[in-house]
$ cat data_20.cif   # mmCIF, C-alpha atoms and all ligand atoms
data_data
#
loop_
_atom_site.label_atom_id
_atom_site.label_comp_id
_atom_site.auth_asym_id
_atom_site.auth_seq_id
_atom_site.Cartn_x
_atom_site.Cartn_y
_atom_site.Cartn_z
CA MET X 1 -113.71 23.08 -152.93
CA ASN X 2 -110.20 21.88 -153.50
CA ARG X 3 -108.36 24.50 -155.52
CA PHE X 4 -105.25 22.47 -156.13
CA GLU X 5 -104.57 19.08 -157.56
CA PRO X 6 -103.67 17.08 -155.61
CA ASN X 7 -105.29 18.10 -152.32
CA LEU X 8 -101.98 18.14 -150.43
CA ARG X 9 -103.13 17.59 -146.87
CA ILE X 10 -99.76 16.93 -145.26
CA PRO X 11 -98.54 19.26 -142.49
CA GLY X 12 -96.11 21.02 -144.80
CA PRO X 13 -94.97 21.66 -147.37
CA THR X 14 -98.37 23.13 -148.09
CA GLY X 15 -100.13 23.89 -151.38
CA LEU X 16 -99.21 27.30 -152.78
CA PRO X 17 -101.78 29.91 -153.85
CA PRO X 18 -101.39 30.85 -157.53
CA SER X 19 -99.84 34.26 -156.83
CA VAL X 20 -97.24 32.65 -154.56
CA ARG X 21 -96.35 30.10 -157.23
CA GLU X 22 -95.97 32.89 -159.74
CA ALA X 23 -93.82 34.88 -157.34
CA GLY X 24 -91.43 31.92 -157.06
CA GLY X 25 -91.02 31.88 -160.84
CA ARG X 26 -89.90 35.49 -161.14
CA GLN X 27 -86.54 36.46 -162.62
CA MET X 28 -83.58 36.64 -160.24
CA ILE X 29 -82.44 39.96 -158.88
CA ASN X 30 -79.21 41.20 -157.34
CA HIS X 31 -79.33 40.16 -153.71
CA ARG X 32 -77.08 43.11 -152.93
CA GLY X 33 -79.36 45.58 -154.69
CA PRO X 34 -82.14 47.94 -153.57
CA GLU X 35 -85.02 45.75 -154.79
CA PHE X 36 -83.89 42.87 -152.59
CA ALA X 37 -83.26 45.25 -149.68
CA ALA X 38 -86.82 46.56 -149.88
CA MET X 39 -88.21 43.03 -150.04
CA ILE X 40 -86.26 41.59 -147.11
CA GLU X 41 -87.18 44.62 -145.03
CA ARG X 42 -90.88 44.04 -145.85
CA VAL X 43 -90.59 40.38 -144.88
CA LEU X 44 -88.74 41.13 -141.63
CA VAL X 45 -91.24 43.79 -140.60
CA GLY X 46 -94.23 41.74 -141.81
CA MET X 47 -93.27 38.69 -139.76
CA LYS X 48 -92.78 40.36 -136.41
CA PRO X 49 -96.45 40.62 -135.43
CA TYR X 50 -96.86 36.86 -135.94
CA PHE X 51 -93.93 36.23 -133.59
CA GLY X 52 -95.38 38.80 -131.23
CA THR X 53 -92.08 40.60 -130.95
CA THR X 54 -90.53 43.99 -131.50
CA SER X 55 -87.09 42.40 -131.40
CA ASP X 56 -85.07 41.36 -134.45
CA VAL X 57 -85.79 38.39 -136.71
CA ALA X 58 -83.20 36.59 -138.85
CA ILE X 59 -83.99 34.86 -142.14
CA LEU X 60 -81.81 31.87 -142.92
CA SER X 61 -81.76 29.90 -146.15
CA CYS X 62 -82.15 26.40 -144.78
CA ALA X 63 -84.77 23.90 -143.60
CA GLY X 64 -86.58 24.40 -140.31
CA THR X 65 -84.07 22.06 -138.68
CA GLY X 66 -81.34 24.53 -139.61
CA GLY X 67 -83.28 27.16 -137.68
CA LEU X 68 -83.42 24.86 -134.64
CA GLU X 69 -79.69 24.27 -134.94
CA ALA X 70 -79.14 28.04 -135.16
CA ALA X 71 -81.17 28.54 -131.97
CA VAL X 72 -79.03 26.02 -130.12
CA VAL X 73 -75.54 26.96 -131.30
CA ASN X 74 -76.05 30.70 -130.93
CA VAL X 75 -76.97 30.88 -127.26
CA LEU X 76 -75.45 27.75 -125.71
CA SER X 77 -71.98 26.58 -124.80
CA PRO X 78 -70.68 23.01 -124.61
CA GLY X 79 -71.42 21.61 -121.16
CA ASP X 80 -74.43 23.87 -120.56
CA ARG X 81 -77.25 22.18 -118.72
CA VAL X 82 -80.34 22.08 -120.94
CA LEU X 83 -83.85 20.75 -120.26
CA GLY X 84 -85.34 19.24 -123.40
CA VAL X 85 -89.10 18.93 -123.06
CA SER X 86 -90.22 16.49 -125.72
CA ILE X 87 -93.76 15.50 -126.63
CA GLY X 88 -92.86 13.79 -129.91
CA SER X 89 -90.37 13.30 -132.66
CA PHE X 90 -89.57 17.01 -133.20
CA GLY X 91 -89.00 17.56 -129.49
CA ASP X 92 -86.59 14.63 -129.58
CA ARG X 93 -84.82 16.23 -132.53
CA PHE X 94 -84.41 19.58 -130.78
CA ALA X 95 -82.85 17.85 -127.75
CA LYS X 96 -80.61 15.79 -130.01
CA ILE X 97 -79.26 18.89 -131.75
CA ALA X 98 -78.31 20.34 -128.36
CA SER X 99 -76.55 17.17 -127.22
CA THR X 100 -74.81 16.82 -130.59
CA TYR X 101 -73.16 20.19 -129.93
CA GLY X 102 -72.09 19.17 -126.44
CA ALA X 103 -74.90 20.51 -124.23
CA ASP X 104 -75.62 18.41 -121.16
CA VAL X 105 -79.27 17.61 -121.88
CA THR X 106 -81.82 16.21 -119.45
CA LYS X 107 -85.05 15.21 -121.10
CA VAL X 108 -88.62 15.38 -119.94
CA SER X 109 -90.30 12.90 -122.28
CA VAL X 110 -94.07 13.13 -122.35
CA GLU X 111 -96.17 10.25 -123.65
CA TRP X 112 -96.85 10.88 -127.33
CA GLY X 113 -100.30 12.30 -127.94
CA HIS X 114 -100.14 14.42 -124.80
CA ALA X 115 -98.99 17.95 -124.08
CA ALA X 116 -96.28 18.91 -121.61
CA ASP X 117 -97.51 19.73 -118.12
CA PRO X 118 -96.35 23.11 -116.76
CA ASP X 119 -96.19 21.62 -113.24
CA GLU X 120 -93.88 18.85 -114.41
CA VAL X 121 -91.62 21.37 -116.13
CA ARG X 122 -91.65 23.56 -113.02
CA ALA X 123 -90.68 20.57 -110.86
CA ALA X 124 -87.86 19.57 -113.23
CA LEU X 125 -86.44 23.10 -113.06
CA ALA X 126 -86.77 23.24 -109.29
CA ALA X 127 -84.92 19.94 -108.92
CA GLU X 128 -81.85 21.26 -110.73
CA PRO X 129 -79.11 22.52 -108.38
CA ALA X 130 -77.78 26.07 -108.80
CA PRO X 131 -77.11 27.73 -111.16
CA GLY X 132 -79.99 25.89 -112.81
CA TYR X 133 -80.58 25.09 -116.45
CA ARG X 134 -79.12 27.43 -119.04
CA ALA X 135 -82.02 26.75 -121.40
CA VAL X 136 -85.30 24.92 -121.85
CA LEU X 137 -86.27 23.55 -125.25
CA LEU X 138 -89.99 23.53 -126.03
CA THR X 139 -92.04 22.52 -129.04
CA HIS X 140 -95.03 24.74 -129.73
CA ASN X 141 -96.82 22.50 -132.21
CA GLU X 142 -95.66 18.87 -132.29
CA THR X 143 -96.35 17.96 -135.90
CA SER X 144 -95.63 14.25 -135.37
CA THR X 145 -98.51 13.78 -132.90
CA GLY X 146 -100.92 16.62 -133.69
CA VAL X 147 -100.53 18.17 -130.24
CA MET X 148 -100.24 21.89 -129.56
CA ASN X 149 -98.47 22.62 -126.30
CA PRO X 150 -99.87 25.29 -123.93
CA ILE X 151 -96.82 27.34 -124.70
CA ALA X 152 -97.74 30.46 -122.71
CA ALA X 153 -98.33 28.39 -119.56
CA LEU X 154 -95.13 26.41 -120.10
CA ALA X 155 -93.10 29.59 -120.59
CA ALA X 156 -94.69 31.10 -117.48
CA ALA X 157 -93.72 28.00 -115.47
CA VAL X 158 -90.11 28.32 -116.63
CA ARG X 159 -90.01 32.04 -115.88
CA GLU X 160 -91.42 31.46 -112.42
CA ALA X 161 -89.20 28.52 -111.45
CA SER X 162 -85.98 29.66 -113.07
CA PRO X 163 -86.07 33.29 -114.24
CA ASP X 164 -82.61 33.28 -115.86
CA THR X 165 -83.16 30.19 -117.98
CA LEU X 166 -83.43 30.85 -121.70
CA ILE X 167 -86.57 29.56 -123.43
CA LEU X 168 -86.10 28.23 -126.96
CA VAL X 169 -89.23 27.33 -128.91
CA ASP X 170 -89.72 25.28 -132.06
CA SER X 171 -92.78 26.81 -133.71
CA VAL X 172 -91.92 25.57 -137.18
CA SER X 173 -95.48 24.34 -137.76
CA GLY X 174 -97.39 26.71 -135.48
CA LEU X 175 -96.31 30.28 -136.04
CA GLY X 176 -98.43 32.28 -138.46
CA ALA X 177 -101.42 29.97 -138.00
CA VAL X 178 -102.22 30.65 -134.35
CA PRO X 179 -101.64 33.57 -131.99
CA PHE X 180 -98.15 33.81 -130.55
CA GLU X 181 -96.80 36.44 -128.17
CA MET X 182 -93.10 35.88 -127.82
CA ASP X 183 -92.37 39.13 -125.94
CA ALA X 184 -95.35 38.95 -123.61
CA TRP X 185 -94.65 35.31 -122.77
CA GLY X 186 -90.95 35.92 -122.11
CA ILE X 187 -89.66 33.58 -124.80
CA ASP X 188 -86.08 34.05 -125.98
CA LEU X 189 -85.80 32.29 -129.33
CA VAL X 190 -88.53 31.17 -131.74
CA VAL X 191 -88.04 29.25 -134.96
CA THR X 192 -90.42 28.85 -137.90
CA GLY X 193 -90.18 27.61 -141.50
CA SER X 194 -91.37 28.98 -144.84
CA GLN X 195 -93.17 25.79 -145.95
CA LYS X 196 -95.68 25.77 -143.11
CA ALA X 197 -98.14 28.56 -142.27
CA TRP X 198 -96.40 31.04 -144.58
CA MET X 199 -97.84 29.57 -147.80
CA ALA X 200 -94.40 29.34 -149.40
CA ALA X 201 -92.03 26.62 -150.60
CA PRO X 202 -89.45 25.09 -148.26
CA GLY X 203 -86.12 26.88 -148.06
CA LEU X 204 -86.22 29.53 -145.35
CA ALA X 205 -86.09 29.33 -141.59
CA MET X 206 -86.97 32.43 -139.60
CA VAL X 207 -85.55 32.88 -136.11
CA ALA X 208 -86.52 35.65 -133.71
CA ALA X 209 -84.51 36.36 -130.58
CA SER X 210 -85.35 38.48 -127.55
CA GLU X 211 -82.90 41.13 -126.36
CA ARG X 212 -81.74 38.59 -123.81
CA GLY X 213 -81.35 36.03 -126.57
CA TRP X 214 -79.25 38.40 -128.70
CA ALA X 215 -77.11 39.21 -125.65
CA ALA X 216 -76.57 35.51 -124.91
CA MET X 217 -75.01 35.11 -128.36
CA GLU X 218 -72.08 37.28 -127.29
CA THR X 219 -70.93 34.81 -124.64
CA ALA X 220 -72.07 31.46 -126.08
CA THR X 221 -69.19 29.33 -127.34
CA MET X 222 -70.75 26.59 -129.46
CA PRO X 223 -69.13 26.62 -132.92
CA ARG X 224 -71.08 28.44 -135.62
CA PHE X 225 -70.38 30.09 -138.93
CA TYR X 226 -73.19 29.88 -141.52
CA LEU X 227 -75.75 29.85 -138.73
CA ASP X 228 -74.25 32.70 -136.69
CA LEU X 229 -77.37 34.80 -136.18
CA ARG X 230 -75.33 37.91 -135.45
CA SER X 231 -73.99 37.98 -139.01
CA HIS X 232 -77.54 37.61 -140.34
CA ARG X 233 -78.79 40.44 -138.14
CA GLU X 234 -75.92 42.68 -139.24
CA ALA X 235 -76.55 41.96 -142.92
CA HIS X 236 -80.33 42.43 -142.53
CA ALA X 237 -79.70 45.90 -141.10
CA LYS X 238 -78.20 46.74 -144.52
CA GLY X 239 -81.05 45.06 -146.43
CA GLN X 240 -78.97 42.00 -147.20
CA THR X 241 -78.18 38.46 -146.08
CA PRO X 242 -74.64 37.35 -145.24
CA PHE X 243 -74.71 34.62 -147.90
CA THR X 244 -76.65 34.14 -151.13
CA PRO X 245 -80.28 33.65 -150.03
CA ALA X 246 -82.98 31.42 -151.53
CA ILE X 247 -84.31 34.44 -153.44
CA ALA X 248 -87.23 32.57 -155.03
CA VAL X 249 -88.50 31.56 -151.59
CA VAL X 250 -88.08 35.10 -150.28
CA TYR X 251 -90.29 36.23 -153.21
CA GLN X 252 -92.85 33.68 -152.09
CA VAL X 253 -92.80 34.55 -148.40
CA ASP X 254 -93.13 38.21 -149.38
CA GLU X 255 -96.23 37.37 -151.43
CA GLY X 256 -97.55 35.00 -148.73
CA LEU X 257 -97.26 37.79 -146.17
CA ALA X 258 -99.10 40.16 -148.52
CA LEU X 259 -101.96 37.63 -148.76
CA MET X 260 -101.91 37.19 -144.99
CA GLY X 261 -101.97 40.94 -144.52
CA ARG X 262 -105.05 41.23 -146.70
CA GLU X 263 -106.82 38.45 -144.80
CA GLY X 264 -105.82 39.75 -141.38
CA ALA X 265 -104.34 37.82 -138.47
CA ALA X 266 -107.65 37.31 -136.65
CA ALA X 267 -109.28 35.84 -139.76
CA ILE X 268 -106.27 33.60 -140.42
CA PHE X 269 -106.38 32.23 -136.88
CA ALA X 270 -110.15 31.69 -137.08
CA ARG X 271 -109.78 29.88 -140.43
CA HIS X 272 -107.18 27.52 -138.97
CA GLU X 273 -109.36 26.86 -135.95
CA ALA X 274 -112.41 26.17 -138.12
CA CYS X 275 -110.47 23.84 -140.44
CA ALA X 276 -109.07 21.97 -137.43
CA ALA X 277 -112.55 21.62 -135.93
CA ALA X 278 -113.86 20.33 -139.26
CA ALA X 279 -111.01 17.83 -139.57
CA ARG X 280 -111.59 16.48 -136.07
CA ALA X 281 -115.36 16.22 -136.46
CA GLY X 282 -115.15 14.68 -139.93
CA LEU X 283 -112.60 12.05 -138.93
CA THR X 284 -114.54 11.22 -135.78
CA ALA X 285 -117.76 10.82 -137.76
CA LEU X 286 -115.89 8.41 -140.01
CA GLY X 287 -115.08 6.26 -136.99
CA PHE X 288 -111.43 7.26 -136.68
CA GLU X 289 -110.17 7.72 -133.14
CA LEU X 290 -108.19 10.93 -132.76
CA PHE X 291 -104.66 10.48 -131.45
CA ALA X 292 -104.12 13.71 -129.53
CA ASP X 293 -105.44 14.65 -126.12
CA PRO X 294 -108.50 16.70 -127.21
CA ARG X 295 -107.62 19.51 -124.79
CA PHE X 296 -104.43 20.13 -126.73
CA ALA X 297 -105.43 19.20 -130.27
CA SER X 298 -103.32 21.03 -132.81
CA ARG X 299 -104.90 23.71 -134.97
CA THR X 300 -102.55 22.94 -137.87
CA VAL X 301 -102.52 19.14 -138.07
CA THR X 302 -104.87 16.38 -136.92
CA ALA X 303 -103.64 12.86 -136.21
CA ALA X 304 -105.90 9.78 -136.08
CA ASN X 305 -105.24 6.15 -135.26
CA VAL X 306 -105.22 3.66 -138.09
CA PRO X 307 -108.07 1.36 -136.98
CA GLU X 308 -107.18 -2.22 -136.20
CA GLY X 309 -107.92 -4.44 -139.16
CA LEU X 310 -107.80 -1.62 -141.71
CA ASP X 311 -105.43 -2.32 -144.57
CA TRP X 312 -103.84 1.14 -144.51
CA LYS X 313 -101.84 0.57 -147.68
CA ALA X 314 -104.96 -0.24 -149.69
CA PHE X 315 -106.91 2.59 -148.03
CA ASN X 316 -104.18 5.14 -148.64
CA GLY X 317 -103.76 3.93 -152.23
CA ALA X 318 -107.46 4.52 -152.92
CA ILE X 319 -107.23 7.98 -151.34
CA LYS X 320 -104.23 8.94 -153.42
CA ALA X 321 -105.96 7.73 -156.57
CA ARG X 322 -108.63 10.35 -155.79
CA GLY X 323 -106.07 13.13 -155.46
CA LEU X 324 -105.89 13.35 -151.68
CA VAL X 325 -102.45 13.18 -150.06
CA LEU X 326 -102.25 12.53 -146.31
CA ALA X 327 -99.17 12.04 -144.13
CA GLY X 328 -98.44 8.80 -142.30
CA GLY X 329 -97.00 8.46 -138.82
CA GLN X 330 -93.38 9.27 -138.05
CA GLY X 331 -90.83 7.32 -136.04
CA LYS X 332 -92.49 4.94 -133.63
CA LEU X 333 -95.94 5.97 -134.92
CA THR X 334 -95.23 4.69 -138.44
CA GLY X 335 -98.16 2.56 -139.53
CA LEU X 336 -100.13 3.43 -136.40
CA ILE X 337 -101.50 6.88 -137.20
CA PHE X 338 -102.17 9.09 -140.20
CA ARG X 339 -102.15 12.87 -140.23
CA LEU X 340 -104.22 15.47 -142.03
CA GLY X 341 -102.57 18.86 -142.35
CA HIS X 342 -104.57 22.09 -142.25
CA LEU X 343 -102.22 25.02 -142.33
CA GLY X 344 -101.07 27.78 -144.63
CA SER X 345 -103.47 28.57 -147.44
CA VAL X 346 -105.88 25.82 -146.34
CA THR X 347 -109.59 26.42 -146.94
CA LEU X 348 -112.61 24.81 -145.35
CA GLY X 349 -113.50 23.55 -148.84
CA GLU X 350 -110.27 21.59 -148.98
CA ILE X 351 -110.95 19.97 -145.61
CA LEU X 352 -114.51 19.06 -146.60
CA ASP X 353 -113.14 17.69 -149.87
CA ALA X 354 -110.64 15.55 -147.93
CA ILE X 355 -113.33 14.26 -145.57
CA GLY X 356 -115.53 13.52 -148.60
CA VAL X 357 -112.77 11.43 -150.18
CA LEU X 358 -112.15 9.58 -146.90
CA GLU X 359 -115.87 8.87 -146.68
CA GLU X 360 -116.07 7.62 -150.26
CA VAL X 361 -113.11 5.29 -149.79
CA SER X 362 -114.47 4.11 -146.43
CA LEU X 363 -117.74 3.16 -148.13
CA GLU X 364 -115.91 1.48 -150.98
CA LEU X 365 -113.81 -0.61 -148.61
CA GLY X 366 -116.80 -1.58 -146.50
CA ARG X 367 -116.06 0.47 -143.39
CA PRO X 368 -119.24 1.07 -141.36
CA VAL X 369 -119.99 4.69 -142.23
CA GLN X 370 -123.16 6.41 -143.26
CA ALA X 371 -122.95 8.34 -146.52
CA GLY X 372 -123.03 12.11 -146.11
CA THR X 373 -122.72 12.25 -142.34
CA ALA X 374 -119.00 12.98 -142.06
CA VAL X 375 -118.96 15.97 -144.41
CA ALA X 376 -122.06 17.34 -142.67
CA ALA X 377 -120.42 16.88 -139.24
CA ALA X 378 -117.25 18.59 -140.44
CA GLN X 379 -119.17 21.49 -141.90
CA ARG X 380 -121.24 21.91 -138.76
CA ALA X 381 -118.12 21.88 -136.54
CA ALA X 382 -116.50 24.56 -138.69
CA LEU X 383 -119.60 26.77 -138.56
CA GLU X 384 -119.76 26.34 -134.79
CA SER X 385 -116.09 27.23 -134.53
CA LEU X 386 -116.72 30.38 -136.56
CA GLY X 387 -119.68 31.27 -134.35
CA VAL X 388 -122.12 30.97 -137.24
CA LEU X 389 -123.98 28.08 -135.60
CA ALA X 390 -124.52 27.54 -131.90
CA PRO X 391 -123.08 24.26 -130.55
CA VAL X 392 -125.62 21.45 -130.22
CA GLU X 393 -126.38 20.60 -126.58
CA ALA X 394 -124.96 17.20 -125.70
C1 LIG H 1 -92.43 21.04 -135.33
C2 LIG H 1 -91.39 20.87 -136.40
N1 LIG H 1 -90.11 21.13 -136.09
C3 LIG H 1 -89.14 21.01 -136.99
C4 LIG H 1 -89.40 20.59 -138.27
C5 LIG H 1 -88.29 20.43 -139.23
O1 LIG H 1 -88.43 21.24 -140.34
P1 LIG H 1 -87.63 20.87 -141.66
O2 LIG H 1 -88.20 19.58 -142.17
O3 LIG H 1 -87.90 22.03 -142.56
O4 LIG H 1 -86.21 20.74 -141.29
C6 LIG H 1 -90.71 20.30 -138.65
C7 LIG H 1 -91.04 19.83 -140.00
O5 LIG H 1 -92.07 19.27 -140.24
C8 LIG H 1 -91.73 20.46 -137.68
O6 LIG H 1 -92.99 20.20 -137.99
#
$ encode --input "data_20.cif" --output "structure tokens"
Amino acid sequence: MNRFEPNLRIPGPTGLPPSVREAGGRQMINHRGPEFAAMIERVLVGMKPYFGTTSDVAILSCAGTGGLEAAVVNVLSPGDRVLGVSIGSFGDRFAKIASTYGADVTKVSVEWGHAADPDEVRAALAAEPAPGYRAVLLTHNETSTGVMNPIAALAAAVREASPDTLILVDSVSGLGAVPFEMDAWGIDLVVTGSQKAWMAAPGLAMVAASERGWAAMETATMPRFYLDLRSHREAHAKGQTPFTPAIAVVYQVDEGLALMGREGAAAIFARHEACAAAARAGLTALGFELFADPRFASRTVTAANVPEGLDWKAFNGAIKARGLVLAGGQGKLTGLIFRLGHLGSVTLGEILDAIGVLEEVSLELGRPVQAGTAVAAAQRAALESLGVLAPVEA
């Protein structure tokens, strides 16, 4: 059942396991000393398999958006042609960062709730006259819509249509929760954030770059100082950071990675998949229509439409009073959808607990649901996802 009060079911920041909370409360240490050097080395090495890279990772003390900004300013120059593939509010943000720094951005804007189509991306690249786009911006998991892009297929389309184009990926809310193979997929820069799958507080952005990505930094001319990834890489090689890091969050990511190591990547990915399946089945059984194209439903956050006629404010108030915290819609989806996060330390018990609360409040407010069915549907879907139960024939 729910281990934390409240049951924080927003797509980050996520609830922290007790040992991670304790880690964040530890005494400060010298960030130029051997204890910090050993810790940052552990974190850097521990993260690489989740990125799917043997290349270098940089740890920045900033929000995930700072990591996206670092990706842009380190490999691009003002005037560079950039293709911003957006499937929601975070894709829009990534493109906006690039144009803010003077990139010449063309956007492919996909209807919200849908994933990007590799063929459309391929066609956009093919339509660009030589020398082609300098970079493509992709979102792995679009947190605002609950859609997970087919990132391997999208990267393959870019590689095929325009081999020299850099691929920059926002995986702030995906990495660590689902498989990712940056090297194998030919991706150049990947960004993630400590408050998502890593079971830690907000405060760190992690950016990995391919060899080609690191090389691009030598010729890129966008202005950068704090976010210059080369200075971070240089300092990391000496077990340090160029500036004073968010030490308490590094403690937490270190502990989060230790917990993840004990669980094992395959089990972590299966747990996220099972929790996502439970969330989708539970919400559907409660009569909520899911927002995302089911073929690309996110494994870290599920979005559902607010049904017509439902007083969302009253509904959400009753949910909160029972200790369940959901996220609303962002940007143009404000008031139209709600989102249930299932990433990081999430357990199936917490998802069943959330579905139970939604069921209770639905019954209280007279929504047409049958007591007990939603939690049962969620549980069944999770067991099917884990291969414990065979799927029921339709
Ligand atoms: C996909 C995605 N990109 C970027 C961000 C921005 O991260 P931050 O709020 O830490 O700046 C988020 C945060 O939710 C996100 O989900």
$ residues_near_ligand --input "data_20.cif" --ligand "ligand LIG 1 (chain H)" --cutoff "9 Å" --atoms "only C-alpha atoms and all ligand atoms" --output "PyMOL selection string"
chain X and resi 11-13+62-68+89-91+93-94+139-144+170-174+191-196+202-205
$ residues_around --input "data_20.cif" --residues "Ala208 of chain X" --least-positions-apart "2" --cutoff "12 Å" --atoms "all atoms listed in the file" --output "number ranges by chain"
X: 44-45, 47-60, 67-68, 70-71, 74, 167-172, 175, 181-183, 187-193, 205-206, 210-214, 229-230, 232-233
$ atom_distance --input "data_20.cif" --atom1 "atom CA of Leu8 of chain X" --atom2 "atom CA of Ala276 of chain X"
15.3 Å
$ closest_residue --input "data_20.cif" --among "X:Ala209, X:Leu386, X:Leu137, X:Ala123" --to "Lys96 of chain X" --atoms "only C-alpha atoms"
X:Leu137
$ residues_around --input "data_20.cif" --residues "Tyr101 of chain X" --least-positions-apart "2" --cutoff "12 Å" --atoms "only C-alpha atoms" --output "number ranges by chain"
X: 69-80, 82, 94-99, 103-105, 220-224
$ write_last_selection --input "data_20.cif" --atoms "C-alpha atoms" --output "short mmCIF file (atom, residue, chain, number, x, y, z; two decimals), keeping the file's coordinate frame"
data_model
loop_
_atom_site.label_atom_id
_atom_site.label_comp_id
_atom_site.auth_asym_id
_atom_site.auth_seq_id
_atom_site.Cartn_x
_atom_site.Cartn_y
_atom_site.Cartn_z
CA GLU X 69 -79.69 24.27 -134.94
CA ALA X 70 -79.14 28.04 -135.16
CA ALA X 71 -81.17 28.54 -131.97
CA VAL X 72 -79.03 26.02 -130.12
CA VAL X 73 -75.54 26.96 -131.30
CA ASN X 74 -76.05 30.70 -130.93
CA VAL X 75 -76.97 30.88 -127.26
CA LEU X 76 -75.45 27.75 -125.71
CA SER X 77 -71.98 26.58 -124.80
CA PRO X 78 -70.68 23.01 -124.61
CA GLY X 79 -71.42 21.61 -121.16
CA ASP X 80 -74.43 23.87 -120.56
CA VAL X 82 -80.34 22.08 -120.94
CA PHE X 94 -84.41 19.58 -130.78
CA ALA X 95 -82.85 17.85 -127.75
CA LYS X 96 -80.61 15.79 -130.01
CA ILE X 97 -79.26 18.89 -131.75
CA ALA X 98 -78.31 20.34 -128.36
CA SER X 99 -76.55 17.17 -127.22
CA ALA X 103 -74.90 20.51 -124.23
CA ASP X 104 -75.62 18.41 -121.16
CA VAL X 105 -79.27 17.61 -121.88
CA ALA X 220 -72.07 31.46 -126.08
CA THR X 221 -69.19 29.33 -127.34
CA MET X 222 -70.75 26.59 -129.46
CA PRO X 223 -69.13 26.62 -132.92
CA ARG X 224 -71.08 28.44 -135.62
#
$ closest_residue --input "data_20.cif" --among "X:Thr300, X:Asn7, X:Ser86, X:Ser362" --to "Val108 of chain X" --atoms "only C-alpha atoms"
X:Ser86
$ residues_near_point --input "data_20.cif" --point "(-111.6, 10.1, -142.8)" --cutoff "9 Å" --atoms "only C-alpha atoms" --output "MDAnalysis selection string"
chainID X and resid 279 282:288 304 354:359 361:362 374
$ write_last_selection --input "data_20.cif" --atoms "C-alpha atoms" --output "PDB file, in the frame of the given file"
ATOM      1  CA  ALA X 279    -111.010  17.830-139.570  1.00  0.00           C
ATOM      2  CA  GLY X 282    -115.150  14.680-139.930  1.00  0.00           C
ATOM      3  CA  LEU X 283    -112.600  12.050-138.930  1.00  0.00           C
ATOM      4  CA  THR X 284    -114.540  11.220-135.780  1.00  0.00           C
ATOM      5  CA  ALA X 285    -117.760  10.820-137.760  1.00  0.00           C
ATOM      6  CA  LEU X 286    -115.890   8.410-140.010  1.00  0.00           C
ATOM      7  CA  GLY X 287    -115.080   6.260-136.990  1.00  0.00           C
ATOM      8  CA  PHE X 288    -111.430   7.260-136.680  1.00  0.00           C
ATOM      9  CA  ALA X 304    -105.900   9.780-136.080  1.00  0.00           C
ATOM     10  CA  ALA X 354    -110.640  15.550-147.930  1.00  0.00           C
ATOM     11  CA  ILE X 355    -113.330  14.260-145.570  1.00  0.00           C
ATOM     12  CA  GLY X 356    -115.530  13.520-148.600  1.00  0.00           C
ATOM     13  CA  VAL X 357    -112.770  11.430-150.180  1.00  0.00           C
ATOM     14  CA  LEU X 358    -112.150   9.580-146.900  1.00  0.00           C
ATOM     15  CA  GLU X 359    -115.870   8.870-146.680  1.00  0.00           C
ATOM     16  CA  VAL X 361    -113.110   5.290-149.790  1.00  0.00           C
ATOM     17  CA  SER X 362    -114.470   4.110-146.430  1.00  0.00           C
ATOM     18  CA  ALA X 374    -119.000  12.980-142.060  1.00  0.00           C
TER      19      ALA X 374
END
$ residues_around --input "data_20.cif" --residues "Leu290 of chain X" --least-positions-apart "4" --cutoff "10 Å" --atoms "only C-alpha atoms" --output "PyMOL selection string"
chain X and resi 113+146+280-281+283-284+294+297+302-306+337-339
$ closest_residue --input "data_20.cif" --among "X:Leu310, X:Leu259, X:Gly24, X:Asp353" --to "Gly323 of chain X" --atoms "only C-alpha atoms"
X:Asp353
$ atom_distance --input "data_20.cif" --atom1 "atom CA of Ala115 of chain X" --atom2 "atom CA of Gly88 of chain X"
9.4 Å
$ atom_distance --input "data_20.cif" --atom1 "atom CA of Ala200 of chain X" --atom2 "atom CA of Ala277 of chain X"
23.9 Å
$ closest_residue --input "data_20.cif" --among "X:Thr165, X:Ser345, X:Gln240, X:Asn149" --to "Glu263 of chain X" --atoms "all atoms listed in the file"
X:Ser345
$ residues_around --input "data_20.cif" --residues "Arg32 of chain X" --least-positions-apart "4" --cutoff "12 Å" --atoms "all atoms listed in the file" --output "compact mmCIF listing (two decimals) with C-alpha atoms, keeping the file's coordinate frame"
# COMPACT_ATOMS: atom_id res chain seq x y z
CA MET X 28 -83.58 36.64 -160.24
CA PHE X 36 -83.89 42.87 -152.59
CA ALA X 37 -83.26 45.25 -149.68
CA ALA X 38 -86.82 46.56 -149.88
CA MET X 39 -88.21 43.03 -150.04
CA ILE X 40 -86.26 41.59 -147.11
CA ALA X 235 -76.55 41.96 -142.92
CA HIS X 236 -80.33 42.43 -142.53
CA LYS X 238 -78.20 46.74 -144.52
CA GLY X 239 -81.05 45.06 -146.43
CA GLN X 240 -78.97 42.00 -147.20
CA THR X 241 -78.18 38.46 -146.08
CA PRO X 242 -74.64 37.35 -145.24
CA PHE X 243 -74.71 34.62 -147.90
CA THR X 244 -76.65 34.14 -151.13
CA PRO X 245 -80.28 33.65 -150.03
CA ILE X 247 -84.31 34.44 -153.44
$ closest_residue --input "data_20.cif" --among "X:Ala177, X:Ala127, X:Val121, X:Ala23" --to "Ala153 of chain X" --atoms "only C-alpha atoms"
X:Val121
$ closest_residue --input "data_20.cif" --among "X:Gly264, X:Pro150, X:Pro17, X:Gly366" --to "Arg295 of chain X" --atoms "only C-alpha atoms"
X:Pro150
$ residues_around --input "data_20.cif" --residues "Leu16 of chain X" --least-positions-apart "5" --cutoff "9 Å" --atoms "all atoms listed in the file" --output "list in words"
Phe4, Arg21, Met199, Ala200, Ala201, Gly256, Gly344 and Ser345 of chain X
